[in-house]
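work-v7.txt follows (compact mmCIF, C-alpha atoms):
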# COMPACT_ATOMS: atom_id res chain seq x y z
CA MET U 221 4.52 16.14 5.04
CA ARG U 222 5.58 12.63 5.95
CA ARG U 223 5.28 10.10 3.14
CA ARG U 224 4.95 6.34 3.00
CA THR U 225 8.17 4.35 2.61
CA MET U 226 9.07 0.75 1.85
CA LEU U 227 11.55 -0.75 4.30
CA ILE U 228 14.28 -1.87 1.90
CA GLY U 229 16.92 -4.35 3.07
CA GLY U 230 18.25 -5.04 6.53
CA VAL U 231 14.82 -5.17 8.14
CA SER U 232 14.92 -6.08 11.82
CA VAL U 233 12.64 -9.00 12.66
CA LEU U 234 10.02 -8.38 15.35
CA MET U 235 9.15 -10.91 18.00
CA LEU U 236 5.48 -11.84 17.78
CA GLY U 237 3.37 -10.27 20.47
CA GLY U 238 5.80 -7.40 21.05
CA LEU U 239 5.42 -3.77 20.05
CA ALA U 240 7.88 -2.11 17.70
CA THR U 241 9.25 1.22 18.89
CA CYS U 242 10.20 2.84 15.61
CA VAL U 243 9.23 3.06 11.99
CA PHE U 244 11.74 4.03 9.33
CA TRP U 245 11.25 7.02 7.04
CA PRO U 246 13.22 8.49 4.14
CA GLU U 247 16.39 10.28 5.21
CA ASP U 248 14.90 13.70 4.41
CA GLU U 249 12.08 13.14 6.88
CA ALA U 250 13.69 11.65 9.97
CA GLU U 251 17.24 10.83 10.87
CA GLN U 252 16.62 8.24 13.55
CA GLY U 253 13.12 7.08 12.79
CA LEU U 254 9.77 7.93 14.35
CA PRO U 255 8.78 6.39 17.73
CA VAL U 256 5.29 4.92 17.50
CA THR U 257 2.93 2.61 19.36
CA LEU U 258 1.36 -0.15 17.26
CA GLY U 259 -2.20 -1.41 17.50
CA PHE U 260 -3.29 -5.03 17.36
CA PRO U 261 -2.83 -6.77 13.98
CA ARG U 262 -5.73 -7.26 11.58
CA LEU U 263 -5.50 -9.90 8.89
CA ILE U 264 -5.44 -8.93 5.21
CA PRO U 265 -6.48 -12.01 3.22
CA PRO U 266 -5.54 -14.01 1.26
CA LEU U 267 -2.83 -16.16 2.85
CA VAL U 268 -0.07 -18.14 1.14
CA ARG U 269 1.15 -21.62 2.10
CA ALA U 270 4.59 -22.74 0.92
CA THR U 271 7.47 -25.04 1.86
CA ILE U 272 10.64 -23.13 2.74
CA ALA U 273 13.84 -25.03 3.62
CA GLY U 274 11.75 -28.15 4.18
CA GLN U 275 9.33 -26.42 6.56
CA ASP U 276 5.62 -26.07 5.77
CA ARG U 277 4.81 -22.40 6.40
CA VAL U 278 1.77 -20.14 6.30
CA PHE U 279 2.34 -16.50 5.35
CA MET U 280 -0.03 -13.62 5.98
CA LEU U 281 -0.10 -9.86 5.70
CA VAL U 282 -1.46 -7.86 8.64
CA ARG U 283 -2.34 -4.20 9.14
CA ARG U 284 -1.59 -2.32 12.37
CA THR U 285 -2.29 1.27 13.39
CA GLU U 286 0.66 3.54 14.21
CA THR U 287 0.41 6.36 16.74
CA GLU U 288 3.37 8.66 17.41
CA ASN U 289 4.44 8.67 21.07
CA ASN U 290 7.16 11.30 20.87
CA PRO U 291 7.14 13.27 24.18
CA ASN U 292 8.27 16.39 22.30
CA VAL U 293 5.09 16.45 20.19
CA PRO U 294 1.84 17.84 21.67
CA PRO U 295 -0.84 15.17 22.23
CA GLY U 296 -3.12 14.67 19.24
CA THR U 297 -0.82 16.41 16.77
CA GLY U 298 1.63 13.61 16.04
CA TRP U 299 1.71 11.04 13.29
CA ARG U 300 -1.18 8.59 12.92
CA GLY U 301 -0.97 6.00 10.18
CA GLU U 302 -0.80 2.31 9.32
CA ARG U 303 1.91 -0.31 9.04
CA LEU U 304 1.85 -3.52 7.03
CA GLU U 305 3.70 -6.50 8.47
CA ILE U 306 4.35 -9.91 6.97
CA ARG U 307 4.14 -12.88 9.33
CA ALA U 308 5.08 -16.52 8.98
CA TYR U 309 3.93 -19.48 11.09
CA ASP U 310 4.61 -23.19 11.08
CA ALA U 311 1.57 -24.69 9.33
CA ALA U 312 1.24 -27.67 11.69
CA THR U 313 1.87 -26.06 15.08
CA LEU U 314 1.14 -22.39 14.29
CA ALA U 315 4.38 -21.56 16.09
CA PRO U 316 5.66 -18.12 15.02
CA ILE U 317 8.65 -17.99 12.68
CA PHE U 318 8.97 -14.26 12.04
CA ALA U 319 7.06 -11.00 11.89
CA ALA U 320 8.64 -8.13 9.97
CA PRO U 321 7.52 -4.63 8.93
CA VAL U 322 7.03 -4.02 5.23
CA ILE U 323 5.67 -0.52 4.65
CA SER U 324 4.12 2.36 6.57
CA GLY U 325 1.84 5.13 5.36
CA ARG U 326 -1.22 7.24 5.95
CA THR U 327 -4.36 5.55 7.27
CA GLY U 328 -6.40 4.12 4.40
CA GLY U 329 -3.47 4.12 1.99
CA PHE U 330 -3.31 0.34 1.63
CA ARG U 331 -6.88 -0.48 0.65
CA THR U 332 -5.85 -3.00 -2.02
CA ALA U 333 -2.86 -4.49 -0.16
CA GLY U 334 -2.37 -8.25 -0.17
CA LEU U 335 -0.09 -11.21 -0.88
CA ILE U 336 0.25 -12.25 -4.53
CA GLY U 337 2.21 -15.51 -4.23
CA GLU U 338 5.57 -17.18 -3.53
CA GLN U 339 8.29 -18.64 -5.72
CA ALA U 340 11.93 -19.54 -5.00
CA ALA U 341 11.64 -18.24 -1.41
CA THR U 342 10.48 -14.83 -2.64
CA ILE U 343 7.04 -13.59 -1.61
CA TRP U 344 5.44 -11.13 -3.99
CA LEU U 345 3.05 -8.70 -2.34
CA TYR U 346 1.27 -5.44 -2.94
CA GLY U 347 1.26 -2.49 -0.55
CA ASP U 348 0.61 0.55 -2.67
CA ALA U 349 2.91 -0.88 -5.35
CA LEU U 350 4.58 -4.20 -6.13
CA GLY U 351 6.96 -5.50 -3.45
CA ALA U 352 9.23 -8.51 -2.86
CA VAL U 353 9.94 -10.02 0.56
CA SER U 354 12.10 -12.94 1.72
CA ALA U 355 10.10 -16.02 2.70
CA VAL U 356 13.02 -17.01 4.94
CA ASP U 357 13.02 -14.09 7.38
CA GLY U 358 10.67 -11.40 6.08
CA GLN U 359 13.39 -9.04 4.88
CA VAL U 360 12.11 -6.64 2.25
CA PHE U 361 14.09 -6.99 -0.97
CA LEU U 362 12.64 -4.34 -3.25
CA GLY U 363 9.70 -1.99 -3.76
CA GLY U 364 8.40 -0.24 -6.85
CA GLU U 365 11.38 2.11 -7.25
CA GLY U 366 13.81 -0.77 -6.71
CA PHE U 367 12.23 -2.85 -9.48
CA ALA U 368 12.43 0.15 -11.81
CA ALA U 369 16.15 0.41 -11.08
CA VAL U 370 16.63 -3.27 -12.10
CA THR U 371 14.56 -2.92 -15.28
CA PRO U 372 14.62 0.84 -15.98
CA GLN U 373 13.06 0.60 -19.43
CA LEU U 374 9.71 -0.37 -17.85
CA GLY U 375 9.33 2.85 -15.88
CA GLY U 376 6.00 2.83 -14.04
CA ALA U 377 5.20 -0.84 -14.65
CA PHE U 378 5.60 -1.64 -10.96
CA ASN U 379 3.14 0.96 -9.65
CA GLN U 380 0.07 -0.38 -11.44
CA ALA U 381 -3.10 -1.62 -9.74
CA ARG U 382 -2.81 -4.79 -7.71
CA ASP U 383 -4.93 -6.94 -10.03
CA THR U 384 -2.36 -6.33 -12.80
CA TYR U 385 0.02 -8.82 -11.13
CA ARG U 386 -0.87 -12.53 -11.21
CA MET U 387 0.82 -15.81 -10.29
CA GLU U 388 0.88 -18.15 -13.27
CA GLU U 389 4.13 -19.98 -14.11
CA ALA U 390 5.74 -17.04 -12.28
CA LEU U 391 4.67 -13.52 -11.41
CA VAL U 392 3.38 -12.02 -14.67
CA PHE U 393 1.92 -8.65 -15.59
CA ALA U 394 1.02 -6.55 -18.62
CA PHE U 395 2.41 -3.10 -19.42
CA LEU U 396 1.78 -0.96 -22.51
CA GLY U 397 0.31 -3.91 -24.37
CA ALA U 398 3.18 -6.33 -23.68
CA ARG U 399 3.40 -9.19 -21.18
CA TYR U 400 6.30 -9.60 -18.72
CA ARG U 401 7.51 -12.18 -16.24
CA MET U 402 9.42 -11.48 -13.02
CA ASP U 403 12.52 -13.42 -12.00
CA PRO U 404 12.13 -14.30 -8.28
CA ARG U 405 15.89 -14.02 -7.63
CA SER U 406 17.23 -11.21 -9.83
CA PHE U 407 13.90 -9.28 -9.77
CA ALA U 408 14.35 -8.46 -13.45
CA ALA U 409 11.28 -8.29 -15.68
CA THR U 410 11.63 -10.00 -19.07
CA PRO U 411 9.16 -10.39 -21.95
CA ALA U 412 6.92 -13.43 -21.42
CA PRO U 413 5.82 -15.74 -24.25
CA GLU U 414 2.32 -15.12 -25.51
CA ARG U 415 1.17 -18.60 -24.54
CA ASP U 416 3.10 -19.50 -21.40
CA GLN U 417 0.34 -20.42 -18.95
CA GLY U 418 1.47 -23.53 -17.14
CA VAL U 419 4.99 -23.42 -18.63
CA MET U 420 7.51 -23.87 -15.83
CA ASP U 421 11.02 -22.45 -15.73
CA ALA U 422 13.22 -25.44 -14.80
CA ALA U 423 15.44 -23.18 -12.70
CA PHE U 424 12.63 -22.40 -10.25
CA PRO U 425 10.15 -24.43 -8.19
CA PRO U 426 6.45 -24.16 -8.99
CA PRO U 427 4.90 -20.99 -7.56
CA ALA U 428 2.62 -21.07 -4.52
CA ARG U 429 -0.54 -19.12 -5.21
CA PRO U 430 -2.61 -17.38 -2.54
CA ALA U 431 -5.57 -19.20 -1.04
CA LEU U 432 -9.03 -18.21 -2.14
CA PHE U 433 -11.12 -16.36 0.41
CA GLY U 434 -14.74 -15.35 0.70
CA ALA U 435 -17.19 -13.57 2.94
CA GLY U 436 -18.02 -16.74 4.86
CA GLY U 437 -21.54 -17.96 5.44
CA PRO U 438 -23.27 -21.31 4.91
CA ALA U 439 -22.35 -21.72 1.23
CA ALA U 440 -18.64 -20.90 1.42
CA PHE U 441 -16.13 -23.66 0.63
CA ARG U 442 -18.59 -26.53 0.39
CA VAL U 443 -20.28 -28.56 -2.36
CA ALA U 444 -23.31 -30.85 -2.08
CA GLU U 445 -21.90 -33.92 -3.82
CA ALA U 446 -18.58 -35.58 -4.56
CA LEU U 447 -17.05 -38.52 -6.41
CA LEU U 448 -14.54 -40.71 -4.59
CA ASP U 449 -12.99 -43.34 -6.85
CA ASP U 450 -16.01 -45.38 -8.03
CA ALA U 451 -18.37 -44.09 -5.32
CA TRP U 452 -20.68 -41.07 -5.13
CA PHE U 453 -21.52 -39.14 -1.98
CA GLY U 454 -24.32 -36.61 -1.74
CA LEU U 455 -26.03 -34.38 0.82
CA PRO U 456 -29.58 -33.89 -0.49
CA LEU U 457 -32.49 -32.41 1.43
CA ALA U 458 -33.82 -34.84 4.01
CA SER U 459 -37.29 -34.51 2.50
CA GLY U 460 -36.26 -36.47 -0.60
CA ARG U 461 -33.93 -39.22 -1.75
CA PRO U 462 -31.69 -39.79 -4.77
CA ASN U 463 -33.04 -42.42 -7.16
CA ASP U 464 -31.38 -45.55 -8.43
CA GLY U 465 -30.45 -44.79 -12.03
CA GLN U 466 -30.35 -41.02 -11.52
CA PRO U 467 -28.26 -39.74 -14.47
CA GLN U 468 -25.40 -37.32 -14.19
CA GLY U 469 -26.44 -33.87 -15.32
CA ALA U 470 -24.86 -30.49 -15.87
CA GLU U 471 -21.60 -29.69 -14.06
CA ARG U 472 -21.22 -33.41 -13.21
CA ARG U 473 -24.10 -33.25 -10.73
CA PHE U 474 -26.38 -36.15 -9.90
CA LEU U 475 -28.66 -34.34 -7.44
CA PRO U 476 -31.62 -32.79 -9.24
CA ALA U 477 -32.59 -29.20 -8.40
CA SER U 478 -35.41 -30.42 -6.15
CA LEU U 479 -32.88 -32.11 -3.83
CA GLN U 480 -30.20 -29.43 -3.78
CA PRO U 481 -29.61 -27.89 -0.31
CA ASP U 482 -31.20 -24.48 0.18
CA THR U 483 -29.99 -21.33 1.92
CA ARG U 484 -32.40 -21.66 4.86
CA GLY U 485 -30.63 -24.57 6.52
CA ALA U 486 -33.25 -27.25 5.81
CA PRO U 487 -32.22 -30.68 7.19
CA GLN U 488 -30.00 -32.86 4.98
CA ARG U 489 -28.91 -36.48 4.93
CA LEU U 490 -25.76 -38.21 3.75
CA TRP U 491 -26.07 -40.75 0.93
CA ARG U 492 -23.62 -43.06 -0.80
CA ALA U 493 -24.02 -44.83 -4.16
CA GLY U 494 -22.01 -46.71 -6.72
CA ILE U 495 -21.56 -45.48 -10.29
CA ARG U 496 -22.50 -47.41 -13.39
CA ARG U 497 -22.80 -46.57 -17.05
CA GLY U 498 -26.03 -47.13 -18.97
CA MET U 499 -29.16 -45.57 -20.42
CA PRO U 500 -31.16 -43.39 -18.02
CA PRO U 501 -34.43 -45.00 -16.94
CA VAL U 502 -37.76 -43.65 -18.13
CA ALA U 503 -39.41 -41.15 -15.76
CA ALA U 504 -43.00 -41.71 -14.72
CA GLU U 505 -45.54 -38.90 -14.74
CA SER U 506 -44.98 -38.48 -11.01
CA GLY U 507 -41.31 -37.71 -11.67
CA SER U 508 -40.01 -40.95 -10.11
CA PHE U 509 -38.12 -43.59 -12.07
CA GLN U 510 -40.00 -46.74 -13.15
CA SER U 511 -37.02 -48.90 -13.99
CA SER U 512 -33.38 -49.18 -13.01
CA GLY U 513 -32.12 -48.78 -16.54
CA ARG U 514 -29.70 -51.68 -16.28
CA GLY U 515 -28.37 -53.19 -19.47
CA ASP U 516 -25.42 -53.21 -21.80
CA PRO U 517 -23.81 -49.83 -22.52
CA VAL U 518 -24.92 -48.38 -25.81
CA ALA U 519 -24.14 -45.26 -27.75
CA GLY U 520 -25.33 -42.26 -25.84
CA ASP U 521 -25.18 -43.97 -22.43
CA ARG U 522 -24.49 -41.90 -19.31
CA LEU U 523 -23.16 -42.23 -15.78
CA LEU U 524 -25.91 -43.32 -13.39
CA LEU U 525 -26.22 -43.70 -9.63
CA ASP U 526 -26.21 -47.33 -8.58
CA ARG U 527 -28.37 -48.26 -5.55
CA PRO U 528 -28.11 -45.14 -3.33
CA THR U 529 -27.97 -45.93 0.38
CA GLU U 530 -28.32 -43.55 3.29
CA VAL U 531 -25.27 -43.39 5.58
CA ALA U 532 -25.76 -42.99 9.32
CA THR U 533 -24.05 -39.89 10.74
CA THR U 534 -23.05 -38.85 14.24
CA SER U 535 -25.14 -35.68 13.89
CA ALA U 536 -28.86 -36.05 14.47
CA THR U 537 -29.48 -33.38 11.85
CA LEU U 538 -27.18 -32.10 9.13
CA GLN U 539 -27.57 -28.41 8.25
CA PHE U 540 -25.64 -26.17 5.87
CA ALA U 541 -23.57 -29.29 5.15
CA GLY U 542 -21.23 -29.88 2.25
CA PHE U 543 -17.93 -31.43 1.29
CA LEU U 544 -15.05 -29.07 2.00
CA THR U 545 -13.31 -27.41 -0.93
CA ALA U 546 -10.51 -24.87 -1.20
CA GLY U 547 -12.83 -22.54 -3.06
CA THR U 548 -13.08 -24.68 -6.19
CA ALA U 549 -15.73 -26.95 -7.68
CA GLU U 550 -13.82 -30.07 -6.60
CA PRO U 551 -13.85 -31.19 -2.95
CA LEU U 552 -10.66 -31.81 -1.00
CA ARG U 553 -9.55 -35.44 -0.70
CA PRO U 554 -7.08 -35.91 2.18
CA ALA U 555 -3.82 -37.69 1.44
CA GLY U 556 -3.58 -41.32 2.49
CA ALA U 557 -6.68 -43.46 2.87
CA PRO U 558 -9.52 -42.39 0.52
CA GLY U 559 -12.03 -40.07 2.11
CA LEU U 560 -13.71 -36.68 2.16
CA LEU U 561 -14.08 -33.78 4.58
CA LEU U 562 -17.64 -32.94 5.63
CA LEU U 563 -18.25 -29.34 6.70
CA GLN U 564 -21.47 -28.42 8.46
CA GLN U 565 -22.87 -25.60 10.55
CA PRO U 566 -26.12 -26.18 12.42
CA THR U 567 -28.18 -23.10 13.24
CA ASN U 568 -26.81 -21.17 16.25
CA ALA U 569 -23.75 -23.43 16.47
CA PRO U 570 -20.14 -23.13 15.29
CA PRO U 571 -19.04 -25.06 12.20
CA SER U 572 -17.57 -28.54 12.51
CA LEU U 573 -15.42 -30.67 10.23
CA THR U 574 -15.69 -34.46 9.96
CA ARG U 575 -13.34 -36.75 8.09
CA LEU U 576 -15.26 -39.50 6.27
CA GLY U 577 -13.77 -42.82 5.22
CA ALA U 578 -14.40 -44.46 1.87
CA ASP U 579 -17.56 -46.06 3.27
CA GLY U 580 -18.89 -42.77 4.61
CA ARG U 581 -18.22 -43.50 8.28
CA ALA U 582 -16.93 -40.66 10.47
CA LEU U 583 -13.27 -41.04 11.50
CA TRP U 584 -13.11 -37.87 13.61
CA THR U 585 -14.96 -34.60 14.14
CA THR U 586 -13.52 -31.21 15.12
CA MET U 587 -15.46 -28.15 16.23
CA PHE U 588 -14.27 -24.67 15.20
CA GLY U 589 -13.93 -21.66 17.46
CA PHE U 590 -15.39 -19.26 14.88
CA PRO U 591 -18.70 -18.96 12.96
CA ARG U 592 -17.41 -17.62 9.63
CA LEU U 593 -14.95 -19.55 7.47
CA ILE U 594 -13.15 -17.22 5.04
CA SER U 595 -10.18 -19.22 3.69
CA VAL U 596 -8.95 -22.82 3.29
CA LEU U 597 -5.30 -23.84 2.80
CA PRO U 598 -4.96 -27.59 2.13
CA GLY U 599 -1.81 -29.57 2.86
CA GLU U 600 -0.50 -33.14 2.93
CA SER U 601 -0.78 -33.74 6.68
CA THR U 602 -2.54 -30.64 8.03
CA LEU U 603 -5.39 -28.42 6.97
CA VAL U 604 -5.23 -24.71 7.77
CA LEU U 605 -8.51 -22.81 8.05
CA VAL U 606 -9.02 -19.08 8.53
CA GLY U 607 -12.12 -17.82 10.27
CA GLN U 608 -13.60 -14.78 11.96
CA ARG U 609 -15.75 -14.22 15.00
CA GLY U 610 -17.38 -11.13 16.43
CA SER U 611 -18.03 -8.00 14.44
CA GLY U 612 -16.97 -4.38 14.21
CA THR U 613 -14.39 -3.39 16.81
CA THR U 614 -14.61 -6.83 18.48
CA GLU U 615 -13.99 -8.89 15.33
CA GLN U 616 -11.20 -11.44 15.65
CA ASP U 617 -9.16 -13.27 13.01
CA VAL U 618 -8.68 -16.93 13.94
CA ILE U 619 -6.25 -19.37 12.33
CA THR U 620 -6.85 -23.10 12.94
CA SER U 621 -4.54 -25.97 11.98
CA ILE U 622 -6.09 -29.46 11.93
CA ALA U 623 -4.09 -32.68 11.78
CA LEU U 624 -5.71 -34.79 9.06
CA ALA U 625 -4.72 -38.04 10.75
CA ASP U 626 -6.71 -37.55 13.96
CA GLY U 627 -8.47 -34.19 13.83
CA GLN U 628 -6.39 -32.58 16.57
CA ALA U 629 -6.63 -28.80 16.23
CA ARG U 630 -4.52 -25.80 17.21
CA GLU U 631 -5.82 -22.23 17.23
CA LEU U 632 -4.16 -18.85 16.87
CA VAL U 633 -6.04 -15.58 17.48
CA LEU U 634 -4.26 -12.69 15.81
CA ASN U 635 -5.80 -9.67 17.46
CA PHE U 636 -7.49 -8.00 20.41
CA GLY U 637 -5.22 -9.08 23.19
CA SER U 638 -3.60 -12.07 21.53
CA GLY U 639 -0.74 -10.14 19.94
Structure re-expressed in structure tokens:
Amino acid sequence: MRRRTMLIGGVSVLMLGGLATCVFWPEDEAEQGLPVTLGFPRLIPPLVRATIAGQDRVFMLVRRTETENNPNVPPGTGWRGERLEIRAYDAATLAPIFAAPVISGRTGGFRTAGLIGEQAATIWLYGDALGAVSAVDGQVFLGGEGFAAVTPQLGGAFNQARDTYRMEEALVFAFLGARYRMDPRSFAATPAPERDQGVMDAAFPPPARPALFGAGGPAAFRVAEALLDDAWFGLPLASGRPNDGQPQGAERRFLPASLQPDTRGAPQRLWRAGIRRGMPPVAAESGSFQSSGRGDPVAGDRLLLDRPTEVATTSATLQFAGFLTAGTAEPLRPAGAPGLLLLQQPTNAPPSLTRLGADGRALWTTMFGFPRLISVLPGESTLVLVGQRGSGTTEQDVITSIALADGQARELVLNFGSG
């Protein structure tokens, strides 16, 4: 029976859009390799963004079907399996840099596959075990058996479940009650200090962790309010308004529950306010504030909204709107002039992204070519977004790179005819 194999060392680099003609197997299974036809690539999130040799790159793992096309094998009886490839693109232009095979195996054998992170031009990934790949050209350095040869005393430490391996100050994992750290150049595993989170090894650059990803939908990667220097921006329901003197509450929120956006896409408006410190005003029985609460700060004072003002927007109605995040509680703030990124998705329309200046005015707006946003990779000059459109056998993975200076966008479709 044919088995999976990691392609170790000397991997030939595939041109993007082309079809590979062979897949390599252990010497006891095939002398020259097995001729196969490859299906279109399907993205395996998450992605990793890292700077390699001064170039801003986006790395992704893709899955492709393999079907044996050996003329000496009766139709329907040959090999059918899957191949994992690693691909790299220029983050700004989405121009291809390399695509290289990593591992092949039976269909369904890579259910937990994915990228783990990058450090010192080594990409750590998981196929059906831990693997290491060059971020320069995609060459596979080592798989599970190779790591065991470097650090033989750890035995099966490199064939554990994927969630065992995490990017902290380096790639770290636990085995038999002890904690280990991987060297991204020698691939040796050494005991890690008990309290080493955030401790950097001076010999290596900081690690690049994988982007967060989600199932998409109206609530993904957006928050309803944000602080920008000494200003507050919020996107409450259009049926209400934030009050002057509204105090900051739990999780640094100023919008009360009654003004928080809902999941039905009710209209919203954009507001801007200053921030001051003082005692919260007294609430009337109706729930509105009777006084502004101005006065000298005293013990127990809080942050308050100062004179909220509605900001005119280019959209007649905001729906499912929020300030873009990379999957965290804090919104993204583009480099350069202060500002925020406003993500919205009106009903029956694709999402759009607007860059707001410090005064809330729109600087540019870009429409997306997909309805579901599943990952966000921020950068200094460009923003890379990953989305999906269609469903089932017609689902497509779409990568979009947006220039933060002017909103110009480039799109790459990975599958179903795009190569």
So which one's closest to U:Phe361, U:Pro554, U:Gly376, U:Gly627, U:Pro404? Using all atoms listed in the file, please. U:Pro404
My list of candidates is U:Ala340, U:Ile306, U:Leu573, U:Ala435. Which is closest to U:Ile272 when distances are computed with all atoms listed in the file? U:Ala340
Within 12 Å of U:Arg300, counting only C-alpha atoms, which residues qualify if same-chain residues fewer than 5 places away don't, as a list in words?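 The residues that qualify are Arg222, Arg223, Arg224, Val243, Leu254, Pro255, Val256, Thr257, Leu258, Gly259, Arg284, Thr285, Glu286, Thr287, Glu288, Asn289, Asn290, Pro295, Ser324, Gly325, Arg326, Thr327 and Gly328 of chain U.
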Same residues, C-alpha atoms, output as an mmCIF file, in the coordinates of the input:
data_model
loop_
_atom_site.group_PDB
_atom_site.id
_atom_site.type_symbol
_atom_site.label_atom_id
_atom_site.label_comp_id
_atom_site.auth_asym_id
_atom_site.auth_seq_id
_atom_site.Cartn_x
_atom_site.Cartn_y
_atom_site.Cartn_z
ATOM 1 C CA ARG U 222 5.580 12.630 5.950
ATOM 2 C CA ARG U 223 5.280 10.100 3.140
ATOM 3 C CA ARG U 224 4.950 6.340 3.000
ATOM 4 C CA VAL U 243 9.230 3.060 11.990
ATOM 5 C CA LEU U 254 9.770 7.930 14.350
ATOM 6 C CA PRO U 255 8.780 6.390 17.730
ATOM 7 C CA VAL U 256 5.290 4.920 17.500
ATOM 8 C CA THR U 257 2.930 2.610 19.360
ATOM 9 C CA LEU U 258 1.360 -0.150 17.260
ATOM 10 C CA GLY U 259 -2.200 -1.410 17.500
ATOM 11 C CA ARG U 284 -1.590 -2.320 12.370
ATOM 12 C CA THR U 285 -2.290 1.270 13.390
ATOM 13 C CA GLU U 286 0.660 3.540 14.210
ATOM 14 C CA THR U 287 0.410 6.360 16.740
ATOM 15 C CA GLU U 288 3.370 8.660 17.410
ATOM 16 C CA ASN U 289 4.440 8.670 21.070
ATOM 17 C CA ASN U 290 7.160 11.300 20.870
ATOM 18 C CA PRO U 295 -0.840 15.170 22.230
ATOM 19 C CA SER U 324 4.120 2.360 6.570
ATOM 20 C CA GLY U 325 1.840 5.130 5.360
ATOM 21 C CA ARG U 326 -1.220 7.240 5.950
ATOM 22 C CA THR U 327 -4.360 5.550 7.270
ATOM 23 C CA GLY U 328 -6.400 4.120 4.400
#
By how many Å are atom CA of U:Val531 and atom CA of U:Arg496 apart?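 Computing the Euclidean distance for atom CA of U:Val531 and atom CA of U:Arg496 yields 19.6 Å.
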Given all atoms listed in the file as the counted atoms, nearest of U:Thr614, U:Thr537, U:Thr313, U:Asn635 to U:Leu455: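 That would be U:Thr537, the residue with the smallest distance to U:Leu455.
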Nearest residue to U:Pro427 from the set U:Ala470, U:Ala444, U:Ala536, U:Met387 (distances using only C-alpha atoms): U:Met387
Selection: 12 Å around U:Glu530, only C-alpha atoms, excl. self and same-chain fewer than 3 positions, as an MDAnalysis selection string: chainID U and resid 452:456 458 460:463 488:493 527 533 579:581
Would you mind exporting C-alpha atoms of the selected residues as a PDB file, in the coordinates of the input?
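Saved file result08.pdb follows:
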ATOM      1  CA  TRP U 452     -20.680 -41.070  -5.130  1.00  0.00           C
ATOM      2  CA  PHE U 453     -21.520 -39.140  -1.980  1.00  0.00           C
ATOM      3  CA  GLY U 454     -24.320 -36.610  -1.740  1.00  0.00           C
ATOM      4  CA  LEU U 455     -26.030 -34.380   0.820  1.00  0.00           C
ATOM      5  CA  PRO U 456     -29.580 -33.890  -0.490  1.00  0.00           C
ATOM      6  CA  ALA U 458     -33.820 -34.840   4.010  1.00  0.00           C
ATOM      7  CA  GLY U 460     -36.260 -36.470  -0.600  1.00  0.00           C
ATOM      8  CA  ARG U 461     -33.930 -39.220  -1.750  1.00  0.00           C
ATOM      9  CA  PRO U 462     -31.690 -39.790  -4.770  1.00  0.00           C
ATOM     10  CA  ASN U 463     -33.040 -42.420  -7.160  1.00  0.00           C
ATOM     11  CA  GLN U 488     -30.000 -32.860   4.980  1.00  0.00           C
ATOM     12  CA  ARG U 489     -28.910 -36.480   4.930  1.00  0.00           C
ATOM     13  CA  LEU U 490     -25.760 -38.210   3.750  1.00  0.00           C
ATOM     14  CA  TRP U 491     -26.070 -40.750   0.930  1.00  0.00           C
ATOM     15  CA  ARG U 492     -23.620 -43.060  -0.800  1.00  0.00           C
ATOM     16  CA  ALA U 493     -24.020 -44.830  -4.160  1.00  0.00           C
ATOM     17  CA  ARG U 527     -28.370 -48.260  -5.550  1.00  0.00           C
ATOM     18  CA  THR U 533     -24.050 -39.890  10.740  1.00  0.00           C
ATOM     19  CA  ASP U 579     -17.560 -46.060   3.270  1.00  0.00           C
ATOM     20  CA  GLY U 580     -18.890 -42.770   4.610  1.00  0.00           C
ATOM     21  CA  ARG U 581     -18.220 -43.500   8.280  1.00  0.00           C
TER      22      ARG U 581
END
Need the shell around U:Glu550: protein/DNA/RNA residues with any atom at most 12 Å away, counting all atoms listed in the file. Skip same-chain ones fewer than 3 positions apart. Format as number ranges by chain? U: 441-448, 471-473, 542-547, 553, 560-561
Filtering to C-alpha atoms, could you give me those residues as a compact mmCIF listing (two decimals), in the frame of the given file?
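Contents of the output file selection_15.txt:
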# COMPACT_ATOMS: atom_id res chain seq x y z
CA PHE U 441 -16.13 -23.66 0.63
CA ARG U 442 -18.59 -26.53 0.39
CA VAL U 443 -20.28 -28.56 -2.36
CA ALA U 444 -23.31 -30.85 -2.08
CA GLU U 445 -21.90 -33.92 -3.82
CA ALA U 446 -18.58 -35.58 -4.56
CA LEU U 447 -17.05 -38.52 -6.41
CA LEU U 448 -14.54 -40.71 -4.59
CA GLU U 471 -21.60 -29.69 -14.06
CA ARG U 472 -21.22 -33.41 -13.21
CA ARG U 473 -24.10 -33.25 -10.73
CA GLY U 542 -21.23 -29.88 2.25
CA PHE U 543 -17.93 -31.43 1.29
CA LEU U 544 -15.05 -29.07 2.00
CA THR U 545 -13.31 -27.41 -0.93
CA ALA U 546 -10.51 -24.87 -1.20
CA GLY U 547 -12.83 -22.54 -3.06
CA ARG U 553 -9.55 -35.44 -0.70
CA LEU U 560 -13.71 -36.68 2.16
CA LEU U 561 -14.08 -33.78 4.58
Long-range neighbours of U:Glu365 as number ranges by chain, 9 Å cut-off, all atoms listed in the file, 4 positions minimum in chain: U: 369-370, 375-376, 378-379
Output file for the residues above (C-alpha atoms, as a PDB file, in the frame of the given file):
ATOM      1  CA  ALA U 369      16.150   0.410 -11.080  1.00  0.00           C
ATOM      2  CA  VAL U 370      16.630  -3.270 -12.100  1.00  0.00           C
ATOM      3  CA  GLY U 375       9.330   2.850 -15.880  1.00  0.00           C
ATOM      4  CA  GLY U 376       6.000   2.830 -14.040  1.00  0.00           C
ATOM      5  CA  PHE U 378       5.600  -1.640 -10.960  1.00  0.00           C
ATOM      6  CA  ASN U 379       3.140   0.960  -9.650  1.00  0.00           C
TER       7      ASN U 379
END
